[in-house]
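Have a look at coords-v2.csv below; it lists CSV, C-alpha atoms.
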```csv
chain,number,residue,atom,x,y,z
U,1,MET,CA,-42.8,43.0,183.3
U,2,SER,CA,-42.6,39.6,181.6
U,3,SER,CA,-42.3,36.3,183.5
U,4,THR,CA,-38.9,35.7,181.9
U,5,VAL,CA,-37.5,39.1,183.1
U,6,LYS,CA,-39.0,38.6,186.5
U,7,ALA,CA,-37.4,35.1,186.7
U,8,GLU,CA,-34.0,36.6,185.6
U,9,ARG,CA,-34.3,39.4,188.1
U,10,LYS,CA,-35.1,36.9,190.9
U,11,ALA,CA,-32.2,34.7,190.0
U,12,THR,CA,-29.8,37.7,190.0
U,13,LEU,CA,-31.1,38.8,193.4
U,14,ASP,CA,-30.9,35.2,194.8
U,15,ALA,CA,-27.3,34.9,193.7
U,16,ALA,CA,-26.4,38.4,195.1
U,17,SER,CA,-28.0,37.4,198.4
U,18,TRP,CA,-26.0,34.3,198.7
U,19,MET,CA,-22.8,36.0,197.7
U,20,PHE,CA,-23.4,38.8,200.3
U,21,ASN,CA,-23.9,36.1,203.0
U,22,VAL,CA,-20.9,34.0,202.0
U,23,VAL,CA,-18.5,37.0,201.8
U,24,THR,CA,-19.6,38.5,205.1
U,25,SER,CA,-19.8,35.2,207.0
U,26,VAL,CA,-16.4,33.9,205.8
U,27,GLY,CA,-14.9,37.4,206.4
U,28,ILE,CA,-16.2,37.6,210.0
U,29,ILE,CA,-14.9,34.1,210.8
U,30,LEU,CA,-11.4,34.9,209.6
U,31,VAL,CA,-11.4,38.3,211.4
U,32,ASN,CA,-12.7,36.7,214.7
U,33,LYS,CA,-10.2,33.9,214.4
U,34,ALA,CA,-7.3,36.5,214.1
U,35,LEU,CA,-8.8,38.5,216.9
U,36,MET,CA,-9.1,35.5,219.3
U,37,ALA,CA,-6.0,33.6,218.3
U,38,THR,CA,-3.6,36.5,217.7
U,39,TYR,CA,-4.8,39.1,220.2
U,40,GLY,CA,-6.3,36.8,222.8
U,41,PHE,CA,-9.8,38.4,222.8
U,42,SER,CA,-11.7,35.2,223.8
U,43,PHE,CA,-14.9,36.8,224.8
U,44,ALA,CA,-17.2,35.4,222.1
U,45,THR,CA,-20.6,36.1,223.7
U,46,THR,CA,-19.7,39.7,224.6
U,47,LEU,CA,-18.4,40.2,221.1
U,48,THR,CA,-21.7,39.0,219.7
U,49,GLY,CA,-23.4,41.5,221.9
U,50,LEU,CA,-21.2,44.3,220.4
U,51,HIS,CA,-22.2,43.0,216.9
U,52,PHE,CA,-25.9,43.4,217.7
U,53,ALA,CA,-25.3,46.8,219.3
U,54,THR,CA,-23.6,48.0,216.1
U,55,THR,CA,-26.5,46.6,214.1
U,56,THR,CA,-28.9,48.4,216.3
U,57,LEU,CA,-27.0,51.7,215.7
U,58,LEU,CA,-27.2,51.2,212.0
U,59,THR,CA,-30.9,50.3,211.9
U,60,SER,CA,-31.7,53.3,214.1
U,61,PHE,CA,-29.8,55.6,211.9
U,62,LEU,CA,-31.5,54.3,208.8
U,63,ARG,CA,-34.9,54.7,210.5
U,64,TRP,CA,-34.0,58.3,211.4
U,65,LEU,CA,-33.1,59.0,207.8
U,66,GLY,CA,-36.4,57.5,206.7
U,67,TYR,CA,-35.0,54.4,204.8
U,68,ILE,CA,-36.8,52.1,207.3
U,69,GLN,CA,-40.4,52.9,208.0
U,70,PRO,CA,-42.1,51.9,211.3
U,71,SER,CA,-43.4,48.4,211.5
U,72,HIS,CA,-45.1,46.2,214.1
U,73,LEU,CA,-43.9,43.0,215.7
U,74,PRO,CA,-45.8,41.8,218.8
U,75,PHE,CA,-43.8,41.7,222.0
U,76,SER,CA,-44.5,38.0,222.6
U,77,GLU,CA,-43.1,37.1,219.1
U,78,LEU,CA,-40.1,39.3,219.8
U,79,MET,CA,-39.4,37.6,223.1
U,80,LYS,CA,-39.7,34.1,221.6
U,81,PHE,CA,-37.3,35.1,218.8
U,82,VAL,CA,-34.7,36.6,221.3
U,83,LEU,CA,-35.0,33.5,223.5
U,84,PHE,CA,-34.3,31.1,220.6
U,85,ALA,CA,-31.5,33.3,219.3
U,86,ASN,CA,-29.7,33.8,222.6
U,87,PHE,CA,-30.0,30.2,223.6
U,88,SER,CA,-28.5,29.4,220.1
U,89,ILE,CA,-25.5,31.7,220.8
U,90,VAL,CA,-24.9,30.5,224.3
U,91,GLY,CA,-25.6,26.8,223.5
U,92,MET,CA,-23.1,26.8,220.6
U,93,ASN,CA,-20.4,28.4,222.8
U,94,VAL,CA,-21.0,26.0,225.6
U,95,SER,CA,-21.3,23.0,223.3
U,96,LEU,CA,-17.9,23.9,221.7
U,97,MET,CA,-16.4,24.0,225.2
U,98,TRP,CA,-17.9,20.8,226.6
U,99,ASN,CA,-17.7,18.6,223.5
U,100,SER,CA,-15.0,17.3,221.2
U,101,VAL,CA,-14.6,19.1,217.9
U,102,GLY,CA,-16.0,16.1,216.1
U,103,PHE,CA,-19.2,15.9,218.1
U,104,TYR,CA,-19.6,19.7,217.8
U,105,GLN,CA,-19.5,19.4,214.0
U,106,ILE,CA,-22.0,16.5,214.1
U,107,ALA,CA,-24.3,18.7,216.2
U,108,LYS,CA,-24.0,21.5,213.6
U,109,LEU,CA,-24.8,19.1,210.8
U,110,SER,CA,-27.9,17.8,212.7
U,111,MET,CA,-29.4,21.3,212.3
U,112,ILE,CA,-30.4,20.4,208.7
U,113,PRO,CA,-32.6,17.4,209.6
U,114,VAL,CA,-34.1,19.3,212.5
U,115,SER,CA,-34.9,22.3,210.2
U,116,CYS,CA,-36.4,19.8,207.7
U,117,PHE,CA,-38.6,18.4,210.6
U,118,LEU,CA,-39.8,21.9,211.5
U,119,GLU,CA,-40.7,22.7,208.0
U,120,VAL,CA,-42.5,19.4,207.5
U,121,VAL,CA,-44.5,19.7,210.7
U,122,LEU,CA,-45.1,23.5,210.9
U,123,ASP,CA,-45.2,24.5,207.2
U,124,HIS,CA,-46.4,21.2,205.7
U,125,VAL,CA,-43.4,21.2,203.3
U,126,ARG,CA,-42.9,18.1,201.1
U,127,TYR,CA,-39.5,17.1,199.8
U,128,SER,CA,-38.9,15.0,196.7
U,129,ARG,CA,-36.6,11.9,196.8
U,130,ASP,CA,-33.8,13.7,194.9
U,131,THR,CA,-34.0,16.7,197.4
U,132,LYS,CA,-33.7,14.3,200.3
U,133,LEU,CA,-30.8,12.4,198.8
U,134,SER,CA,-29.0,15.6,197.9
U,135,ILE,CA,-29.3,16.8,201.6
U,136,LEU,CA,-27.8,13.5,202.7
U,137,LEU,CA,-24.9,13.9,200.3
U,138,VAL,CA,-24.1,17.4,201.6
U,139,LEU,CA,-24.2,16.0,205.2
U,140,LEU,CA,-21.9,13.1,204.2
U,141,GLY,CA,-19.4,15.4,202.5
U,142,VAL,CA,-19.2,18.0,205.3
U,143,ALA,CA,-18.9,15.2,207.8
U,144,VAL,CA,-16.0,13.6,205.9
U,145,CYS,CA,-14.0,16.8,205.8
U,146,THR,CA,-14.8,18.2,209.3
U,147,VAL,CA,-15.6,15.3,211.7
U,148,THR,CA,-12.5,13.8,213.3
U,149,ASP,CA,-12.5,12.7,216.9
U,150,VAL,CA,-16.0,12.0,218.4
U,151,SER,CA,-16.5,11.7,222.1
U,152,VAL,CA,-19.8,12.3,224.0
U,153,ASN,CA,-20.6,13.2,227.6
U,154,ALA,CA,-23.9,13.9,229.2
U,155,LYS,CA,-23.6,17.7,229.8
U,156,GLY,CA,-22.0,18.2,226.4
U,157,PHE,CA,-24.9,16.3,224.7
U,158,ILE,CA,-27.4,18.4,226.5
U,159,ALA,CA,-25.6,21.6,225.5
U,160,ALA,CA,-25.5,20.4,221.9
U,161,LEU,CA,-29.2,19.5,222.0
U,162,VAL,CA,-30.1,23.0,223.2
U,163,ALA,CA,-27.9,24.6,220.6
U,164,VAL,CA,-29.3,22.6,217.7
U,165,TRP,CA,-32.9,23.1,218.5
U,166,SER,CA,-32.6,26.7,219.5
U,167,THR,CA,-30.6,27.5,216.3
U,168,SER,CA,-33.1,25.7,214.1
U,169,LEU,CA,-36.0,27.4,215.7
U,170,GLN,CA,-34.4,30.8,215.4
U,171,GLN,CA,-33.7,30.3,211.7
U,172,TYR,CA,-37.2,29.0,211.1
U,173,TYR,CA,-38.6,32.0,213.0
U,174,VAL,CA,-36.8,34.5,210.8
U,175,HIS,CA,-38.7,33.1,207.8
U,176,PHE,CA,-41.9,32.8,209.7
U,177,LEU,CA,-41.9,36.3,211.1
U,178,GLN,CA,-41.0,37.9,207.7
U,179,ARG,CA,-43.9,36.1,206.0
U,180,LYS,CA,-46.5,36.5,208.8
U,181,TYR,CA,-45.9,40.2,209.5
U,182,SER,CA,-44.7,41.2,206.0
U,183,LEU,CA,-41.4,42.5,207.5
U,184,GLY,CA,-38.3,43.2,205.5
U,185,SER,CA,-34.9,42.2,206.7
U,186,PHE,CA,-34.0,45.7,208.0
U,187,ASN,CA,-37.4,45.9,209.7
U,188,LEU,CA,-36.9,42.6,211.5
U,189,LEU,CA,-33.4,43.4,212.5
U,190,GLY,CA,-34.6,46.8,213.8
U,191,HIS,CA,-36.9,44.9,216.1
U,192,THR,CA,-34.6,42.1,217.3
U,193,ALA,CA,-31.1,43.6,217.4
U,194,PRO,CA,-31.7,46.0,220.3
U,195,ALA,CA,-33.2,43.2,222.5
U,196,GLN,CA,-30.3,40.8,221.6
U,197,ALA,CA,-27.7,43.5,222.2
U,198,ALA,CA,-29.0,44.5,225.6
U,199,SER,CA,-29.4,40.9,226.8
U,200,LEU,CA,-26.1,39.6,225.5
U,201,LEU,CA,-24.1,42.6,226.8
U,202,VAL,CA,-25.5,42.0,230.2
U,203,VAL,CA,-25.1,38.2,230.2
U,204,GLY,CA,-22.0,38.0,228.0
U,205,PRO,CA,-19.3,39.1,230.3
U,206,PHE,CA,-20.4,36.6,233.0
U,207,LEU,CA,-20.8,33.8,230.6
U,208,ASP,CA,-17.4,34.5,229.0
U,209,TYR,CA,-15.8,34.5,232.5
U,210,TRP,CA,-17.4,31.2,233.2
U,211,LEU,CA,-16.2,29.7,229.9
U,212,THR,CA,-12.7,31.2,229.9
U,213,SER,CA,-11.9,32.3,233.5
U,214,LYS,CA,-11.0,35.7,232.1
U,215,ARG,CA,-12.7,39.0,232.7
U,216,VAL,CA,-13.4,41.2,229.7
U,217,ASP,CA,-12.8,44.4,231.7
U,218,ALA,CA,-9.3,43.1,232.5
U,219,TYR,CA,-8.4,42.7,228.9
U,220,ASN,CA,-5.6,44.8,227.6
U,221,PHE,CA,-7.2,46.7,224.8
U,222,GLY,CA,-4.6,47.9,222.3
U,223,THR,CA,-5.0,49.9,219.1
U,224,THR,CA,-4.8,46.9,216.8
U,225,SER,CA,-7.2,44.7,218.8
U,226,VAL,CA,-9.7,47.6,219.0
U,227,LEU,CA,-9.5,48.0,215.2
U,228,PHE,CA,-10.1,44.3,214.8
U,229,ILE,CA,-13.1,44.5,217.1
U,230,ILE,CA,-14.5,47.5,215.1
U,231,LEU,CA,-13.9,45.5,211.9
U,232,SER,CA,-15.6,42.5,213.3
U,233,CYS,CA,-18.7,44.6,214.4
U,234,THR,CA,-18.8,46.2,211.0
U,235,ILE,CA,-18.8,43.0,209.1
U,236,ALA,CA,-21.3,41.5,211.6
U,237,VAL,CA,-23.9,44.0,210.4
U,238,GLY,CA,-23.7,42.5,206.9
U,239,THR,CA,-23.7,39.0,208.3
U,240,ASN,CA,-26.8,39.6,210.4
U,241,LEU,CA,-28.6,41.3,207.5
U,242,SER,CA,-27.6,38.8,204.9
U,243,GLN,CA,-28.8,35.9,207.1
U,244,PHE,CA,-32.3,37.5,207.4
U,245,ILE,CA,-32.3,38.3,203.6
U,246,CYS,CA,-31.3,34.7,202.6
U,247,ILE,CA,-33.7,33.0,205.0
U,248,GLY,CA,-36.5,35.4,204.0
U,249,ARG,CA,-35.9,34.7,200.3
U,250,PHE,CA,-35.5,31.0,200.7
U,251,THR,CA,-36.0,28.8,203.9
U,252,ALA,CA,-34.0,27.8,206.9
U,253,VAL,CA,-33.3,24.4,205.3
U,254,SER,CA,-31.9,25.9,202.1
U,255,PHE,CA,-29.9,28.4,204.2
U,256,GLN,CA,-28.4,25.5,206.1
U,257,VAL,CA,-27.7,23.2,203.1
U,258,LEU,CA,-26.2,25.8,200.8
U,259,GLY,CA,-24.6,27.6,203.8
U,260,HIS,CA,-22.2,24.7,204.2
U,261,MET,CA,-20.4,26.2,201.2
U,262,LYS,CA,-19.1,28.7,203.8
U,263,THR,CA,-17.7,25.8,205.8
U,264,ILE,CA,-15.8,24.6,202.7
U,265,LEU,CA,-14.5,28.2,202.0
U,266,VAL,CA,-13.4,28.7,205.6
U,267,LEU,CA,-11.5,25.4,205.4
U,268,ILE,CA,-9.8,26.4,202.1
U,269,LEU,CA,-9.0,29.9,203.3
U,270,GLY,CA,-7.8,28.6,206.6
U,271,PHE,CA,-5.3,26.3,204.8
U,272,ILE,CA,-4.2,29.3,202.7
U,273,PHE,CA,-3.7,31.8,205.5
U,274,PHE,CA,-3.0,29.7,208.5
U,275,GLY,CA,-1.0,26.8,207.1
U,276,LYS,CA,-1.8,23.5,205.4
U,277,GLU,CA,-1.8,21.3,208.5
U,278,GLY,CA,-4.7,18.9,208.3
U,279,LEU,CA,-5.1,19.2,204.5
U,280,ASN,CA,-5.2,15.8,203.0
U,281,LEU,CA,-7.0,13.6,200.4
U,282,HIS,CA,-9.6,12.8,203.0
U,283,VAL,CA,-10.5,16.4,203.5
U,284,VAL,CA,-10.5,17.2,199.7
U,285,LEU,CA,-12.7,14.3,199.0
U,286,GLY,CA,-15.2,15.5,201.6
U,287,MET,CA,-15.2,19.0,200.1
U,288,LEU,CA,-15.9,17.6,196.6
U,289,ILE,CA,-18.8,15.4,197.9
U,290,ALA,CA,-20.3,18.4,199.7
U,291,ILE,CA,-20.1,20.7,196.7
U,292,LEU,CA,-21.7,18.0,194.5
U,293,GLY,CA,-24.5,17.6,197.0
U,294,MET,CA,-25.1,21.4,197.1
U,295,ILE,CA,-25.3,21.6,193.3
U,296,TRP,CA,-27.7,18.6,193.3
U,297,TYR,CA,-29.8,20.2,196.1
U,298,GLY,CA,-30.0,23.5,194.2
U,299,ASN,CA,-31.2,21.7,191.0
U,300,ALA,CA,-33.5,19.2,192.8
U,301,SER,CA,-35.2,21.7,195.1
U,302,SER,CA,-35.9,24.1,192.2
U,303,LYS,CA,-37.7,21.6,190.1
U,304,PRO,CA,-41.5,21.3,190.3
U,305,GLY,CA,-42.3,19.1,193.3
U,306,GLY,CA,-38.7,19.2,194.5
U,307,LYS,CA,-39.7,21.2,197.6
U,308,GLU,CA,-43.2,22.5,198.0
U,309,ARG,CA,-45.6,23.6,200.6
U,310,ARG,CA,-48.9,21.6,200.6
U,311,SER,CA,-52.1,23.6,200.3
U,312,TYR,CA,-51.4,25.8,203.2
U,313,SER,CA,-51.3,29.6,203.6
U,314,LEU,CA,-49.9,31.5,206.5
U,315,PRO,CA,-52.1,34.4,207.7
U,316,THR,CA,-50.2,37.6,207.3
U,317,ALA,CA,-50.4,40.9,209.0
U,318,LYS,CA,-51.2,43.6,206.6
U,319,SER,CA,-48.2,45.9,206.8
U,320,PRO,CA,-46.2,47.1,203.8
U,321,LYS,CA,-42.6,46.2,203.3
U,322,HIS,CA,-40.4,49.2,203.1
U,323,ASP,CA,-37.0,47.6,202.7
U,324,VAL,CA,-35.7,47.8,199.2
U,325,LEU,CA,-32.4,45.8,199.3
U,326,LEU,CA,-32.6,42.2,198.1
U,327,GLU,CA,-36.0,41.6,199.7
U,328,PRO,CA,-38.2,38.6,198.9
U,329,SER,CA,-40.7,39.6,196.3
U,330,ASP,CA,-42.6,36.3,195.8
U,331,THR,CA,-45.8,35.8,197.7
U,332,ASP,CA,-46.7,32.4,196.4
U,333,GLU,CA,-46.2,29.0,198.0
U,334,LYS,CA,-42.9,28.3,196.3
U,335,VAL,CA,-40.1,27.4,198.7
```

Could you render the structure from this file as C-alpha cells?
Amino acid sequence: MSSTVKAERKATLDAASWMFNVVTSVGIILVNKALMATYGFSFATTLTGLHFATTTLLTSFLRWLGYIQPSHLPFSELMKFVLFANFSIVGMNVSLMWNSVGFYQIAKLSMIPVSCFLEVVLDHVRYSRDTKLSILLVLLGVAVCTVTDVSVNAKGFIAALVAVWSTSLQQYYVHFLQRKYSLGSFNLLGHTAPAQAASLLVVGPFLDYWLTSKRVDAYNFGTTSVLFIILSCTIAVGTNLSQFICIGRFTAVSFQVLGHMKTILVLILGFIFFGKEGLNLHVVLGMLIAILGMIWYGNASSKPGGKERRSYSLPTAKSPKHDVLLEPSDTDEKV
C-alpha cells in the first residue's frame, strides 16, 4: 500500500472517529437533558453506572461471539484507571453543584492546559508556538460563549480541582494504556467498563441522594422515561467507545481541544430545540473564535514540529490488537 493511500485511509478514519464521537456525545447530552429536565430523572451518577453496565453487556456479548479476543491489563493499572475515571465523574457532578456555572466552565477549560502539562512531563511532548497559540484561541472562544457569572468558594474550588486533575489523568491514561499494552478500544472498554459499572451502581444512588435529596428507588418510572433511559444507555455505548477510539488515535489534548466543537454544537442545538434565550452577539462571537482556533490547531499540530514527542519510546506489552473498528494503526512517535 503506497504512502499516499495509507495517508488518505488514515485521514478518512480520523474524520470518521471524530464524527462518531461528536454525534454520540451531542446526542447523549440532548437525551439526558430531556430525561432530567422533562422527566425529572436527576440521578446522574446512577445513570452513568447504567451506561457502563450496558457497555459491559455489549463487550461481553462481542467477546462471546469472538469479535473481541482475550487481552491482558494488570489489575493495578485497572484500579488506577477506575479510580481516576470515577473521581472524574463524581468530581464533575459535585463541582457543578457547588460552583457557579461560570466557574464550572472555567474548570472544564482548564483541563486543556493540565492535559498539556501531563503530556509534556510524562510523554516529553513538545508544542510549536502556533500550536500553543491555537489552543489559547480555542480557550478564549469557548470562555467567551460559555462563561458568565463567576464566583468561587473553598469547597467548590477543591471539587473542581479534583474533577480537573482526575479527568485529565483518566484521558491521558486511555492513550497510555492503549499504547503500552497494545489494547484496542473494545479491549480496553472490556476491562474497564465492568469495574466502573459495579462501583458506580453501588456508590451512585447514595451520591445522587446526597446531591439531590431524592432516592432513585422512589422515582416514578414511566414507559416514556424508561425508554429515554434505554436510549441514553444505548448512545452511551457509542460515546464510551468513541472516546477511547479518538484518544487512542490522537491524544488527550487533541481530544480536549477539538472536542470543544461538541460544546459549540450543543449550544447551537440547545438554541434550536430549547429556545433562543441567551443567544446574542457575544455568544456567536465566542463560537466563531473557538471554531477558528480549532481549525488553526488542526493545521498547526499536523505540521512537522507542530506537536511531537521527543526521542522517547514507551515500552509496550507484546499482545496483538484484535479490534478492527477505527483503531490506531500508527506505531511511530507522531502525535

_Show me, as a list in words, the residues that have an atom within 7 Å of Leu137 (chain U) when counting only C-alpha atoms, minus same-chain residues fewer than 5 positions from it._
Ile289, Ala290 and Gly293 of chain U

Keeping C-alpha atoms, export the residues of the selection given above as a PDB file, in the frame of the given file.
```
ATOM      1  CA  ILE U 289     -18.800  15.400 197.900  1.00  0.00           C
ATOM      2  CA  ALA U 290     -20.300  18.400 199.700  1.00  0.00           C
ATOM      3  CA  GLY U 293     -24.500  17.600 197.000  1.00  0.00           C
TER       4      GLY U 293
END
```

*asked:* List the spatial neighbours of region 104-110 of chain U as JSON, numbers by chain - criterion: any atom at most 7 Å away, only C-alpha atoms, same-chain residues fewer than 6 positions off excluded.
replied: {"U": [95, 96, 139, 146, 147, 160, 164]}

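Between CA of Pro194 (chain U) and CA of Phe43 (chain U) the separation is 19.7 Å.
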
With 12 Å as the cut-off and all atoms listed in the file counted, what is the closest atom pair between each nearby residue of region 44-115 of chain U and region 230-241 of chain U? Distances in Å to one decimal, ordered by chain and number, as a Markdown table.
```
| residue | atom | partner | partner_atom | distance |
| --- | --- | --- | --- | --- |
| U:Ala44 | CA | U:Ser232 | CA | 11.4 |
| U:Thr46 | CA | U:Cys233 | CA | 11.4 |
| U:Leu47 | CA | U:Cys233 | CA | 8.0 |
| U:Thr48 | CA | U:Cys233 | CA | 8.3 |
| U:Gly49 | CA | U:Cys233 | CA | 9.4 |
| U:Leu50 | CA | U:Cys233 | CA | 6.5 |
| U:His51 | CA | U:Cys233 | CA | 4.6 |
| U:Phe52 | CA | U:Val237 | CA | 7.6 |
| U:Ala53 | CA | U:Cys233 | CA | 8.5 |
| U:Thr54 | CA | U:Cys233 | CA | 6.2 |
| U:Thr55 | CA | U:Val237 | CA | 5.2 |
| U:Thr56 | CA | U:Val237 | CA | 8.9 |
| U:Leu57 | CA | U:Val237 | CA | 9.8 |
| U:Leu58 | CA | U:Val237 | CA | 8.1 |
| U:Thr59 | CA | U:Val237 | CA | 9.5 |
| U:Ala85 | CA | U:Asn240 | CA | 11.9 |
```

Just to be explicit: take each residue in the selection above, keep C-alpha atoms, and write the result as a tab-separated table (two decimals), keeping the file's coordinate frame.
```tsv
chain	number	residue	atom	x	y	z
U	44	ALA	CA	-17.20	35.40	222.10
U	46	THR	CA	-19.70	39.70	224.60
U	47	LEU	CA	-18.40	40.20	221.10
U	48	THR	CA	-21.70	39.00	219.70
U	49	GLY	CA	-23.40	41.50	221.90
U	50	LEU	CA	-21.20	44.30	220.40
U	51	HIS	CA	-22.20	43.00	216.90
U	52	PHE	CA	-25.90	43.40	217.70
U	53	ALA	CA	-25.30	46.80	219.30
U	54	THR	CA	-23.60	48.00	216.10
U	55	THR	CA	-26.50	46.60	214.10
U	56	THR	CA	-28.90	48.40	216.30
U	57	LEU	CA	-27.00	51.70	215.70
U	58	LEU	CA	-27.20	51.20	212.00
U	59	THR	CA	-30.90	50.30	211.90
U	85	ALA	CA	-31.50	33.30	219.30
```

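As for CA of Tyr172 (chain U) and CA of Met19 (chain U), they are spaced 20.9 Å apart.
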
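Among the candidates U:Ser128, U:Asn32, U:Ser3, U:Thr24, the one nearest to Thr45 (chain U) when counting only C-alpha atoms is U:Asn32.
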
Quick one: which region 51-147 of chain U residues come within 10 Å of region 251-265 of chain U, and what is the nearest atom pair for each with the distance in Å to one decimal, counting all atoms listed in the file, rows ordered by chain and ascending number, as JSON lines?
```
{"residue": "U:Lys108", "atom": "CA", "partner": "U:Gln256", "partner_atom": "CA", "distance": 9.6}
{"residue": "U:Leu109", "atom": "CA", "partner": "U:Gln256", "partner_atom": "CA", "distance": 8.7}
{"residue": "U:Met111", "atom": "CA", "partner": "U:Gln256", "partner_atom": "CA", "distance": 7.6}
{"residue": "U:Ile112", "atom": "CA", "partner": "U:Val253", "partner_atom": "CA", "distance": 6.0}
{"residue": "U:Pro113", "atom": "CA", "partner": "U:Val253", "partner_atom": "CA", "distance": 8.2}
{"residue": "U:Val114", "atom": "CA", "partner": "U:Val253", "partner_atom": "CA", "distance": 8.9}
{"residue": "U:Ser115", "atom": "CA", "partner": "U:Val253", "partner_atom": "CA", "distance": 5.6}
{"residue": "U:Cys116", "atom": "CA", "partner": "U:Val253", "partner_atom": "CA", "distance": 6.0}
{"residue": "U:Phe117", "atom": "CA", "partner": "U:Val253", "partner_atom": "CA", "distance": 9.6}
{"residue": "U:Leu118", "atom": "CA", "partner": "U:Val253", "partner_atom": "CA", "distance": 9.3}
{"residue": "U:Glu119", "atom": "CA", "partner": "U:Val253", "partner_atom": "CA", "distance": 8.1}
{"residue": "U:Ser134", "atom": "CA", "partner": "U:Val257", "partner_atom": "CA", "distance": 9.3}
{"residue": "U:Ile135", "atom": "CA", "partner": "U:Val257", "partner_atom": "CA", "distance": 6.8}
{"residue": "U:Leu136", "atom": "CA", "partner": "U:Val257", "partner_atom": "CA", "distance": 9.7}
{"residue": "U:Val138", "atom": "CA", "partner": "U:Val257", "partner_atom": "CA", "distance": 7.0}
{"residue": "U:Leu139", "atom": "CA", "partner": "U:Val257", "partner_atom": "CA", "distance": 8.3}
{"residue": "U:Gly141", "atom": "CA", "partner": "U:His260", "partner_atom": "CA", "distance": 9.9}
{"residue": "U:Val142", "atom": "CA", "partner": "U:His260", "partner_atom": "CA", "distance": 7.4}
{"residue": "U:Cys145", "atom": "CA", "partner": "U:Ile264", "partner_atom": "CA", "distance": 8.6}
{"residue": "U:Thr146", "atom": "CA", "partner": "U:Thr263", "partner_atom": "CA", "distance": 8.9}
```

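The coordinates place CA of Trp165 (chain U) at 15.5 Å from CA of Phe103 (chain U).
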
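Ranking U:Leu188, U:Val90, U:Val174, U:Val101 by their shortest atom-to-atom distance to Gln69 (chain U), with all atoms listed in the file included, puts U:Leu188 first.
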
*Among listed residues U:Val94, U:Leu122, U:Tyr39, U:Asp14, nearest Gly222 (chain U) (using all atoms listed in the file)*: U:Tyr39

*Give me the residues within 8 Å of Ser17 (chain U) as an NGL selection string, counting only C-alpha atoms and dropping any in the same chain fewer than 3 places off.*
:U and (13-14 or 20-21 or 242 or 245-246 or 326)

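The closest residue to Val31 (chain U), picked from U:Tyr181, U:Phe84, U:Phe228, U:Phe186 and counting all atoms listed in the file, is U:Phe228.
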
*Smallest atom-to-atom distance to Ser151 (chain U): which of U:Val283, U:Gly102, U:Val22, U:Ile247, using all atoms listed in the file?*
U:Gly102
